[in-house]
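Here is coords-v3.cif, consisting of mmCIF, C-alpha atoms and all ligand atoms:
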data_protein
#
loop_
_atom_site.label_atom_id
_atom_site.label_comp_id
_atom_site.auth_asym_id
_atom_site.auth_seq_id
_atom_site.Cartn_x
_atom_site.Cartn_y
_atom_site.Cartn_z
CA VAL A 1 -27.96 -5.12 -17.24
CA SER A 2 -30.35 -5.39 -14.32
CA SER A 3 -29.76 -2.98 -11.44
CA GLY A 4 -29.64 -5.87 -8.96
CA SER A 5 -26.35 -7.16 -10.33
CA MET A 6 -24.43 -3.89 -10.12
CA GLN A 7 -22.94 -4.63 -6.73
CA ALA A 8 -19.78 -6.40 -5.53
CA THR A 9 -17.72 -6.68 -2.37
CA ALA A 10 -13.97 -7.21 -2.18
CA SER A 11 -11.40 -7.45 0.56
CA ALA A 12 -7.69 -6.56 0.42
CA ASN A 13 -4.79 -6.63 2.84
CA ALA A 14 -2.33 -3.81 3.44
CA ASN A 15 1.29 -4.22 2.42
CA ILE A 16 4.53 -3.03 3.99
CA ALA A 17 7.32 -2.09 1.58
CA LEU A 18 10.78 -3.63 2.06
CA VAL A 19 12.19 -1.50 -0.77
CA LYS A 20 10.11 1.68 -0.62
CA TYR A 21 8.22 3.74 -3.16
CA TRP A 22 9.06 7.38 -2.44
CA GLY A 23 8.43 9.89 -5.19
CA LYS A 24 6.57 10.10 -8.48
CA ALA A 25 7.72 10.65 -12.04
CA ASP A 26 4.09 11.33 -13.05
CA GLU A 27 1.73 12.71 -10.44
CA SER A 28 -1.57 12.19 -12.21
CA LEU A 29 -0.98 8.62 -13.42
CA ILE A 30 1.06 7.76 -10.29
CA ILE A 31 4.17 6.48 -12.05
CA PRO A 32 6.97 6.10 -9.47
CA ASN A 33 10.61 7.09 -9.91
CA ALA A 34 11.76 3.61 -8.86
CA SER A 35 10.45 0.07 -8.55
CA SER A 36 9.53 -1.22 -5.08
CA LEU A 37 9.05 -4.49 -3.20
CA SER A 38 6.52 -5.24 -0.47
CA LEU A 39 5.05 -7.89 1.76
CA THR A 40 1.26 -8.16 1.89
CA VAL A 41 0.27 -8.77 5.50
CA ASP A 42 -2.82 -10.11 7.21
CA GLY A 43 -4.79 -8.36 9.96
CA LEU A 44 -4.67 -4.90 8.37
CA SER A 45 -7.37 -5.11 5.75
CA THR A 46 -10.19 -3.23 4.05
CA THR A 47 -13.49 -4.72 2.90
CA THR A 48 -15.43 -2.58 0.44
CA GLN A 49 -18.86 -2.89 -1.14
CA VAL A 50 -19.59 -0.92 -4.30
CA THR A 51 -23.07 -0.45 -5.75
CA PHE A 52 -23.76 1.32 -9.04
CA HIS A 53 -27.24 2.83 -9.00
CA THR A 54 -28.22 2.22 -12.59
CA ASP A 55 -31.74 3.50 -11.98
CA THR A 56 -30.24 7.02 -11.95
CA SER A 57 -29.93 8.02 -15.58
CA SER A 58 -26.60 9.01 -17.11
CA ARG A 59 -28.10 12.39 -17.96
CA ASP A 60 -28.46 13.06 -14.23
CA LEU A 61 -24.83 12.14 -13.69
CA LYS A 62 -23.63 14.37 -16.51
CA SER A 63 -25.55 17.35 -15.22
CA ILE A 64 -24.07 16.79 -11.77
CA HIS A 65 -20.59 16.70 -13.30
CA THR A 66 -21.16 19.86 -15.32
CA SER A 67 -22.21 21.75 -12.23
CA GLU A 68 -18.94 20.71 -10.56
CA GLU A 69 -16.95 23.08 -12.73
CA CYS A 70 -18.08 26.20 -10.96
CA SER A 71 -18.63 24.89 -7.47
CA ASP A 72 -17.08 22.71 -4.79
CA ALA A 73 -16.66 19.30 -6.44
CA SER A 74 -17.20 17.41 -3.20
CA ALA A 75 -20.58 19.00 -2.56
CA THR A 76 -21.88 17.82 -5.94
CA SER A 77 -20.24 14.42 -6.31
CA PRO A 78 -22.81 11.88 -7.47
CA ASP A 79 -21.28 9.21 -5.24
CA THR A 80 -21.50 8.47 -1.54
CA LEU A 81 -18.67 7.19 0.64
CA ILE A 82 -19.01 5.61 4.07
CA ILE A 83 -15.85 4.50 5.89
CA ASP A 84 -16.23 2.61 9.16
CA GLY A 85 -19.80 3.85 9.54
CA GLU A 86 -18.95 7.49 8.94
CA ARG A 87 -19.97 9.45 5.87
CA HIS A 88 -17.07 11.18 4.14
CA GLN A 89 -17.16 14.19 1.82
CA GLY A 90 -14.52 16.64 0.70
CA LYS A 91 -11.12 15.33 -0.38
CA ALA A 92 -11.71 11.66 0.45
CA LEU A 93 -14.93 11.54 -1.59
CA HIS A 94 -13.37 13.47 -4.44
CA ARG A 95 -10.52 10.97 -4.64
CA VAL A 96 -12.91 7.99 -4.67
CA SER A 97 -15.20 9.67 -7.24
CA SER A 98 -12.27 10.36 -9.57
CA PHE A 99 -11.27 6.74 -9.24
CA LEU A 100 -14.82 5.57 -9.99
CA ASP A 101 -14.81 7.79 -13.10
CA ARG A 102 -12.09 5.53 -14.53
CA ILE A 103 -14.29 2.50 -13.91
CA ARG A 104 -17.30 4.28 -15.46
CA GLU A 105 -15.25 5.10 -18.53
CA LEU A 106 -13.93 1.54 -18.86
CA SER A 107 -17.30 -0.16 -18.35
CA GLY A 108 -19.69 2.34 -19.89
CA ILE A 109 -21.77 2.21 -16.68
CA HIS A 110 -22.35 5.91 -16.15
CA ALA A 111 -24.21 5.61 -12.88
CA PRO A 112 -23.55 7.10 -9.45
CA ALA A 113 -22.17 4.69 -6.88
CA SER A 114 -22.21 4.11 -3.16
CA VAL A 115 -19.05 2.84 -1.52
CA ILE A 116 -19.18 1.28 1.93
CA SER A 117 -15.85 0.42 3.46
CA HIS A 118 -14.71 -1.26 6.68
CA ASN A 119 -11.16 -1.39 7.99
CA THR A 120 -10.00 -3.99 10.51
CA VAL A 121 -8.10 -1.18 12.22
CA PRO A 122 -9.83 2.21 12.59
CA TYR A 123 -9.34 4.66 9.69
CA ALA A 124 -7.73 7.18 12.06
CA ALA A 125 -5.28 4.70 13.60
CA GLY A 126 -2.37 5.46 11.31
CA LEU A 127 -2.24 1.85 10.14
CA ALA A 128 -5.36 1.74 7.97
CA SER A 129 -3.76 2.21 4.60
CA SER A 130 -4.63 3.59 1.21
CA ALA A 131 -3.04 0.39 -0.18
CA SER A 132 -5.72 -1.96 1.16
CA ALA A 133 -8.41 0.66 0.50
CA PHE A 134 -7.70 1.21 -3.20
CA ALA A 135 -6.92 -2.45 -3.90
CA ALA A 136 -10.32 -3.43 -2.45
CA LEU A 137 -12.04 -0.54 -4.26
CA ALA A 138 -10.46 -1.43 -7.62
CA ALA A 139 -11.61 -5.05 -7.33
CA ALA A 140 -15.10 -4.30 -5.99
CA ALA A 141 -15.87 -1.41 -8.34
CA SER A 142 -14.63 -3.15 -11.48
CA ARG A 143 -16.56 -6.32 -10.64
CA ALA A 144 -19.70 -4.35 -9.72
CA ALA A 145 -19.48 -2.64 -13.14
CA GLY A 146 -19.41 -6.04 -14.83
CA LEU A 147 -15.69 -5.98 -15.69
CA ASN A 148 -13.61 -9.10 -15.23
CA LEU A 149 -10.05 -7.77 -15.10
CA ASP A 150 -6.89 -9.83 -14.71
CA ASP A 151 -4.50 -9.15 -11.81
CA ARG A 152 -2.15 -7.01 -13.88
CA TYR A 153 -4.96 -4.75 -15.02
CA LEU A 154 -6.34 -4.58 -11.46
CA SER A 155 -2.87 -3.62 -10.23
CA ARG A 156 -2.65 -0.78 -12.77
CA LEU A 157 -6.11 0.40 -11.80
CA ALA A 158 -5.37 0.26 -8.05
CA ARG A 159 -2.15 2.22 -8.74
CA CYS A 160 -4.20 5.11 -10.12
CA GLY A 161 -5.95 5.36 -6.72
CA SER A 162 -2.81 5.07 -4.61
CA GLY A 163 0.62 3.87 -5.71
CA SER A 164 1.16 1.33 -2.95
CA ALA A 165 -2.28 -0.23 -3.70
CA SER A 166 -0.82 -1.72 -6.91
CA ARG A 167 1.07 -4.22 -4.71
CA SER A 168 -1.86 -5.25 -2.46
CA ILE A 169 -3.44 -7.18 -5.34
CA TYR A 170 -1.02 -10.04 -4.58
CA ALA A 171 -0.24 -12.37 -1.70
CA GLY A 172 3.17 -12.27 -0.05
CA LEU A 173 6.04 -10.52 -1.84
CA ALA A 174 5.16 -8.27 -4.78
CA VAL A 175 7.33 -6.07 -6.99
CA TRP A 176 5.87 -2.89 -8.46
CA GLN A 177 7.71 -2.30 -11.72
CA ALA A 178 8.09 1.46 -12.08
CA GLY A 179 7.56 1.35 -15.86
CA HIS A 180 7.17 4.59 -17.77
CA ASP A 181 3.45 4.90 -18.51
CA ASP A 182 0.06 3.51 -17.49
CA ALA A 183 0.51 0.23 -19.35
CA THR A 184 4.01 -0.54 -18.05
CA SER A 185 3.64 0.46 -14.38
CA TYR A 186 2.13 -2.48 -12.46
CA ALA A 187 2.98 -4.91 -9.69
CA GLU A 188 3.48 -8.65 -10.00
CA PRO A 189 4.21 -11.50 -7.58
CA ILE A 190 7.95 -11.91 -7.03
CA ALA A 191 7.66 -15.55 -8.11
CA SER A 192 6.56 -14.48 -11.62
CA LEU A 193 9.37 -11.95 -11.81
CA LEU A 194 12.03 -14.52 -10.86
CA GLU A 195 10.58 -16.95 -13.35
CA SER A 196 10.59 -14.45 -16.20
CA ASN A 197 14.18 -13.45 -15.28
CA GLY A 198 15.08 -17.13 -15.51
CA GLU A 199 16.45 -16.98 -11.96
CA SER A 200 16.51 -20.14 -9.95
CA VAL A 201 15.27 -20.31 -6.39
CA ALA A 202 17.02 -22.17 -3.56
CA ALA A 203 16.33 -25.90 -3.74
CA GLY A 204 13.04 -27.18 -2.39
CA ARG A 205 11.58 -23.72 -2.02
CA SER A 206 9.58 -21.39 -4.23
CA ALA A 207 9.75 -17.61 -4.04
CA HIS A 208 6.05 -17.65 -3.16
CA ASP A 209 6.60 -20.06 -0.24
CA PHE A 210 9.54 -17.98 0.98
CA GLY A 211 7.38 -14.83 0.99
CA MET A 212 4.58 -16.57 2.88
CA GLN A 213 7.11 -17.56 5.57
CA LEU A 214 7.85 -13.93 6.45
CA ALA A 215 6.11 -11.82 9.08
CA MET A 216 5.88 -8.16 10.12
CA ILE A 217 5.61 -7.10 13.73
CA VAL A 218 4.03 -3.68 14.22
CA ILE A 219 5.12 -1.57 17.20
CA LEU A 220 2.40 1.04 17.59
CA ILE A 221 3.84 4.42 18.57
CA SER A 222 0.95 6.70 17.69
CA ASP A 223 -2.55 6.30 16.29
CA LYS A 224 -2.98 9.99 15.39
CA LYS A 225 -3.46 11.16 11.83
CA LYS A 226 -0.11 12.30 10.41
CA ALA A 227 0.57 16.02 10.04
CA VAL A 228 2.06 15.68 6.52
CA SER A 229 0.46 13.23 4.07
CA SER A 230 2.82 10.84 2.29
CA ARG A 231 1.72 12.39 -1.00
CA VAL A 232 2.91 15.84 0.09
CA ALA A 233 6.02 14.48 1.82
CA MET A 234 7.18 12.55 -1.24
CA ARG A 235 6.60 15.51 -3.55
CA ARG A 236 8.64 17.72 -1.23
CA SER A 237 11.43 15.10 -1.18
CA VAL A 238 11.54 14.95 -4.98
CA GLU A 239 11.60 18.71 -5.34
CA THR A 240 13.96 19.75 -2.54
CA SER A 241 16.05 16.95 -1.01
CA PRO A 242 19.73 17.01 -2.11
CA LEU A 243 19.75 13.26 -1.41
CA TYR A 244 16.90 12.44 -3.79
CA GLY A 245 19.06 11.38 -6.73
CA SER A 246 21.14 8.98 -4.67
CA TRP A 247 17.98 7.68 -2.98
CA ILE A 248 16.62 6.59 -6.37
CA GLN A 249 19.97 5.03 -7.28
CA SER A 250 20.05 3.12 -3.98
CA CYS A 251 16.52 1.78 -4.59
CA THR A 252 17.68 0.14 -7.82
CA ASP A 253 20.61 -1.50 -6.01
CA ASP A 254 18.48 -2.47 -3.00
CA LEU A 255 15.79 -4.07 -5.15
CA GLN A 256 18.40 -6.10 -7.00
CA GLN A 257 19.87 -7.32 -3.71
CA ALA A 258 16.45 -8.03 -2.24
CA ILE A 259 15.54 -10.15 -5.26
CA THR A 260 18.82 -12.06 -4.90
CA ALA A 261 18.06 -12.58 -1.20
CA VAL A 262 14.62 -13.99 -2.07
CA SER A 263 16.04 -16.28 -4.73
CA ARG A 264 18.50 -17.62 -2.12
CA GLY A 265 15.85 -17.86 0.61
CA ASP A 266 18.10 -15.63 2.73
CA VAL A 267 16.00 -13.79 5.35
CA GLU A 268 19.01 -12.03 6.87
CA MET A 269 20.15 -10.59 3.54
CA LEU A 270 16.58 -9.42 2.87
CA GLY A 271 16.36 -7.92 6.36
CA VAL A 272 19.60 -5.97 6.01
CA VAL A 273 18.44 -4.45 2.69
CA THR A 274 15.00 -3.66 4.15
CA GLU A 275 16.39 -1.77 7.14
CA ARG A 276 18.93 0.18 5.10
CA ASN A 277 16.33 1.17 2.51
CA SER A 278 13.93 2.49 5.14
CA TYR A 279 16.63 4.62 6.78
CA GLY A 280 17.56 5.93 3.32
CA MET A 281 13.97 7.01 2.63
CA HIS A 282 13.75 8.81 5.98
CA ALA A 283 17.15 10.47 5.43
CA THR A 284 15.77 11.76 2.11
CA MET A 285 12.63 13.27 3.63
CA MET A 286 14.50 14.66 6.65
CA THR A 287 16.73 16.59 4.24
CA ALA A 288 13.76 18.05 2.32
CA GLN A 289 12.85 21.72 2.72
CA PRO A 290 11.03 22.07 5.05
CA PRO A 291 12.11 18.73 6.56
CA VAL A 292 9.63 15.91 7.11
CA LEU A 293 10.26 14.24 10.46
CA TYR A 294 7.75 11.51 11.32
CA TRP A 295 9.81 10.14 14.20
CA GLN A 296 8.80 10.54 17.84
CA PRO A 297 11.11 9.93 20.82
CA GLU A 298 9.38 6.54 21.25
CA THR A 299 10.19 5.73 17.61
CA VAL A 300 13.91 5.96 18.37
CA GLU A 301 13.41 3.85 21.49
CA ALA A 302 11.72 1.16 19.37
CA LEU A 303 14.45 1.28 16.71
CA HIS A 304 17.06 0.68 19.42
CA ALA A 305 14.98 -2.17 20.85
CA VAL A 306 15.03 -3.86 17.43
CA GLU A 307 18.83 -3.54 17.32
CA ASP A 308 19.02 -4.99 20.81
CA VAL A 309 16.78 -7.93 19.93
CA ARG A 310 18.97 -8.62 16.91
CA ALA A 311 22.11 -8.43 19.04
CA SER A 312 20.54 -11.11 21.26
CA GLY A 313 20.67 -13.45 18.26
CA LEU A 314 17.17 -13.17 16.75
CA GLY A 315 16.52 -12.22 13.13
CA ALA A 316 14.69 -8.86 13.27
CA TRP A 317 15.03 -5.79 11.02
CA SER A 318 13.18 -2.48 11.32
CA THR A 319 11.32 -0.58 8.63
CA MET A 320 9.19 2.58 8.81
CA ASP A 321 6.69 4.28 6.54
CA ALA A 322 5.20 7.77 6.47
CA GLY A 323 4.51 7.89 10.20
CA PRO A 324 6.06 7.23 13.62
CA ASN A 325 5.21 3.51 13.88
CA VAL A 326 7.97 0.91 13.63
CA LYS A 327 7.53 -2.36 11.74
CA VAL A 328 9.85 -5.32 12.17
CA LEU A 329 10.59 -7.87 9.46
CA THR A 330 11.19 -11.38 10.71
CA SER A 331 10.54 -14.98 9.71
CA ALA A 332 7.23 -16.65 10.58
CA GLN A 333 9.27 -19.12 12.58
CA ASP A 334 10.88 -16.43 14.77
CA ALA A 335 7.88 -14.09 14.96
CA VAL A 336 6.60 -15.15 18.40
CA HIS A 337 10.08 -15.00 19.96
CA VAL A 338 10.82 -11.60 18.41
CA CYS A 339 7.44 -10.30 19.54
CA GLU A 340 8.06 -11.49 23.11
CA ALA A 341 11.56 -9.99 23.13
CA LEU A 342 10.17 -6.63 21.95
CA ARG A 343 7.36 -6.66 24.52
CA GLU A 344 9.90 -7.37 27.27
CA ARG A 345 11.83 -4.27 26.26
CA MET A 346 8.73 -2.08 25.71
CA PRO A 347 6.01 -3.41 28.04
CA GLN A 348 3.87 -0.28 27.62
CA ARG A 349 3.52 -0.61 23.81
CA ASP A 350 0.96 -2.36 21.62
CA ILE A 351 2.98 -4.88 19.61
CA HIS A 352 1.31 -7.28 17.16
CA ILE A 353 2.38 -9.92 14.68
CA HIS A 354 1.10 -9.77 11.10
CA MET A 355 1.85 -12.85 9.02
CA ALA A 356 2.27 -12.73 5.25
CA GLY A 357 -1.24 -12.32 3.82
CA GLU A 358 -3.37 -13.17 0.80
CA GLY A 359 -4.03 -10.95 -2.19
CA VAL A 360 -7.28 -9.17 -3.02
CA ARG A 361 -10.43 -11.30 -3.28
CA ILE A 362 -14.05 -10.87 -4.30
CA LEU A 363 -16.34 -11.83 -1.43
CA ASP A 364 -19.71 -11.69 -3.18
CA GLN A 365 -21.53 -9.93 -5.95
C1 LIG B 1 5.58 2.45 0.28
N1 LIG B 1 4.68 4.59 1.17
O1 LIG B 1 6.32 1.97 -0.59
C2 LIG B 1 5.85 3.88 0.70
C3 LIG B 1 6.82 3.94 1.82
C4 LIG B 1 4.91 5.20 2.45
C5 LIG B 1 6.34 5.04 2.74
O2 LIG B 1 3.49 4.12 -0.60
O3 LIG B 1 0.43 9.26 -3.33
O4 LIG B 1 -0.37 6.25 -0.08
O5 LIG B 1 -1.33 7.55 -2.96
O6 LIG B 1 0.66 7.04 -4.40
O7 LIG B 1 0.84 4.86 -1.82
C6 LIG B 1 2.47 5.58 0.89
O8 LIG B 1 2.11 6.32 -0.20
O9 LIG B 1 0.94 7.35 -1.94
C7 LIG B 1 3.58 4.72 0.44
P1 LIG B 1 0.14 7.82 -3.22
P2 LIG B 1 0.78 6.09 -1.03
O10 LIG B 1 4.71 1.77 0.84
#
In structure tokens, what does this structure look like?
Ligand code: 2P0
Amino acid sequence: VSSGSMQATASANANIALVKYWGKADESLIIPNASSLSLTVDGLSTTTQVTFHTDTSSRDLKSIHTSEECSDASATSPDTLIIDGERHQGKALHRVSSFLDRIRELSGIHAPASVISHNTVPYAAGLASSASAFAALAAAASRAAGLNLDDRYLSRLARCGSGSASRSIYAGLAVWQAGHDDATSYAEPIASLLESNGESVAAGRSAHDFGMQLAMIVILISDKKKAVSSRVAMRRSVETSPLYGSWIQSCTDDLQQAITAVSRGDVEMLGVVTERNSYGMHATMMTAQPPVLYWQPETVEALHAVEDVRASGLGAWSTMDAGPNVKVLTSAQDAVHVCEALRERMPQRDIHIHMAGEGVRILDQ
């Protein structure tokens, strides 16, 4: 293979879970304790270029790896990582290098790589997600290494980088099937799931179209890096929260109801499940030891504003992830009205609409 062809660029959107992933059954393979459902959204994306430097011999790479055993892995990683113009080492590089090792193993291209990544929102802003990052990296790195993987395989691969990334492979609504090992834990578009379940969808409407008619409004509360990573917070929830068992049970019920809502084209039913599931996840982490509390006073203000907007007759349901920002599920049709109603109540906040977005795509190679 000529060295000139060992490069590819891919772009992926972030996704916001409606039924959340919170806790792993297998930490190294990233197998979750429950299946989850998300909406891929536009405007929060990562574009990543991967180049394998095949002119560096595999012997060089092996000797670098061997020297890692007795020294700081990050200092000797063969790869380079640049995110939004800034060179990263340490943990971030180590995580990317471990991910690239899977690609090297799969493809037999044992060459060091450079990874150059751009986020549409700054890396530090609390909204740049590992979901868009690892979905784009999985697609770009596998293509750069000459692999042509199908979506299911890409989803499994992205999952190994970050669980939520498994869902960003797809447009609109995606379900990550928990599974029980590497081969059975992957995401798929909700339309395929409904089809394989033999479920019918409300007349004149496909599950895909329904998903693409949803929107998320983001109410920015803070753009600071979170004090507790979601990885640590979910581990602590699994190990110490007395609510963890019932949380997992409720996810199974919520996913079932969410799927029914989608098959009926019922935004309200989907919204009610989404809001309840998010509060359940936060209740679980708040009851961990020590508790994980991502909420700020302004978070609570925003949650009340969403209730108030809904009481005014608009379809709007809140959901929150591992941070203080509030996201609001609504229909594409209502999005502008809901956004205006929220801005009226919180004029000092940054509030933006994110429509349902496309799945991962290769930009060039
Ligand atoms: C989700 N979150 O379903 C949940 C809800 C945050 C709250 O997936 O450890 O970065 O890399 O698998 O995917 C964020 O966790 O965690 C997340 P890892 P990830 O979107």
- Counting all atoms listed in the file, figure out which residue out of A:Val336, A:Leu81, A:Ala227, A:Ala17 gets nearest to A:Tyr294. A:Ala227
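Comparing A:Lys226, A:Arg361, A:Arg343, A:His352 by their smallest distance to ligand LIG 1 (chain B), the closest is A:Lys226 (using all atoms listed in the file).
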- Message: Using Å and a single decimal, report how far atom CA of A:Ser229 sits from atom CA of A:Ala92.
- Response: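 Separation of atom CA of A:Ala92 and atom CA of A:Ser229: 12.8 Å.
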- Task: Find the residues near ligand LIG 1 (chain B). Use a cut-off of 10 Å, count only C-alpha atoms and all ligand atoms, and write them as a PyMOL selection string.
- Result: chain A and resi 14-24+27-32+35-39+95+129-134+158-167+176+229-235+277-278+281-282+319-323
- Do you know which residues are at most 7 Å from stretch 113-120 of chain A counting only C-alpha atoms, after dropping those on the same chain fewer than 3 positions away, and could you put them as a VMD selection string? chain A and resid 43 to 53 79 to 84 123 128
- Computed interatomic separation between atom CA of A:Thr260 and atom CA of A:Gly211 (Å):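 Value for the atom CA of A:Thr260-atom CA of A:Gly211 distance: 13.2 Å.
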With N, CA and C atoms as the target, complete stretch 341-359 of chain A and hand it back as a short mmCIF file (atom, residue, chain, number, x, y, z; two decimals), keeping the file's coordinate frame.
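Result file follows (rebuild_38.cif):
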data_model
loop_
_atom_site.label_atom_id
_atom_site.label_comp_id
_atom_site.auth_asym_id
_atom_site.auth_seq_id
_atom_site.Cartn_x
_atom_site.Cartn_y
_atom_site.Cartn_z
N ALA A 341 10.34 -10.74 22.78
CA ALA A 341 11.56 -9.99 23.13
C ALA A 341 11.30 -8.48 23.05
N LEU A 342 10.49 -8.05 22.08
CA LEU A 342 10.17 -6.63 21.95
C LEU A 342 9.26 -6.17 23.09
N ARG A 343 8.28 -7.02 23.42
CA ARG A 343 7.36 -6.66 24.52
C ARG A 343 8.10 -6.57 25.85
N GLU A 344 9.09 -7.43 26.05
CA GLU A 344 9.90 -7.37 27.27
C GLU A 344 10.59 -6.02 27.39
N ARG A 345 11.09 -5.53 26.25
CA ARG A 345 11.83 -4.27 26.26
C ARG A 345 10.91 -3.05 26.27
N MET A 346 9.68 -3.21 25.76
CA MET A 346 8.73 -2.08 25.71
C MET A 346 7.36 -2.54 26.20
N PRO A 347 7.25 -2.82 27.52
CA PRO A 347 6.01 -3.41 28.04
C PRO A 347 4.78 -2.51 27.87
N GLN A 348 5.01 -1.22 27.71
CA GLN A 348 3.87 -0.28 27.62
C GLN A 348 3.30 -0.17 26.20
N ARG A 349 3.93 -0.79 25.21
CA ARG A 349 3.52 -0.61 23.81
C ARG A 349 2.60 -1.73 23.32
N ASP A 350 1.74 -1.36 22.36
CA ASP A 350 0.96 -2.36 21.62
C ASP A 350 1.85 -2.94 20.54
N ILE A 351 2.09 -4.25 20.59
CA ILE A 351 2.98 -4.88 19.61
C ILE A 351 2.27 -6.12 19.07
N HIS A 352 2.08 -6.17 17.75
CA HIS A 352 1.31 -7.28 17.16
C HIS A 352 2.01 -7.89 15.96
N ILE A 353 1.80 -9.19 15.82
CA ILE A 353 2.38 -9.92 14.68
C ILE A 353 1.39 -9.92 13.51
N HIS A 354 1.90 -9.65 12.32
CA HIS A 354 1.10 -9.77 11.10
C HIS A 354 1.82 -10.72 10.15
N MET A 355 1.23 -11.87 9.92
CA MET A 355 1.85 -12.85 9.02
C MET A 355 1.66 -12.40 7.57
N ALA A 356 2.46 -12.98 6.68
CA ALA A 356 2.27 -12.73 5.25
C ALA A 356 0.80 -13.03 4.91
N GLY A 357 0.19 -12.19 4.08
CA GLY A 357 -1.24 -12.32 3.82
C GLY A 357 -1.57 -12.59 2.36
N GLU A 358 -2.85 -12.87 2.14
CA GLU A 358 -3.37 -13.17 0.80
C GLU A 358 -3.57 -11.89 -0.01
N GLY A 359 -3.74 -12.07 -1.30
CA GLY A 359 -4.03 -10.95 -2.19
C GLY A 359 -5.51 -10.58 -2.13
#
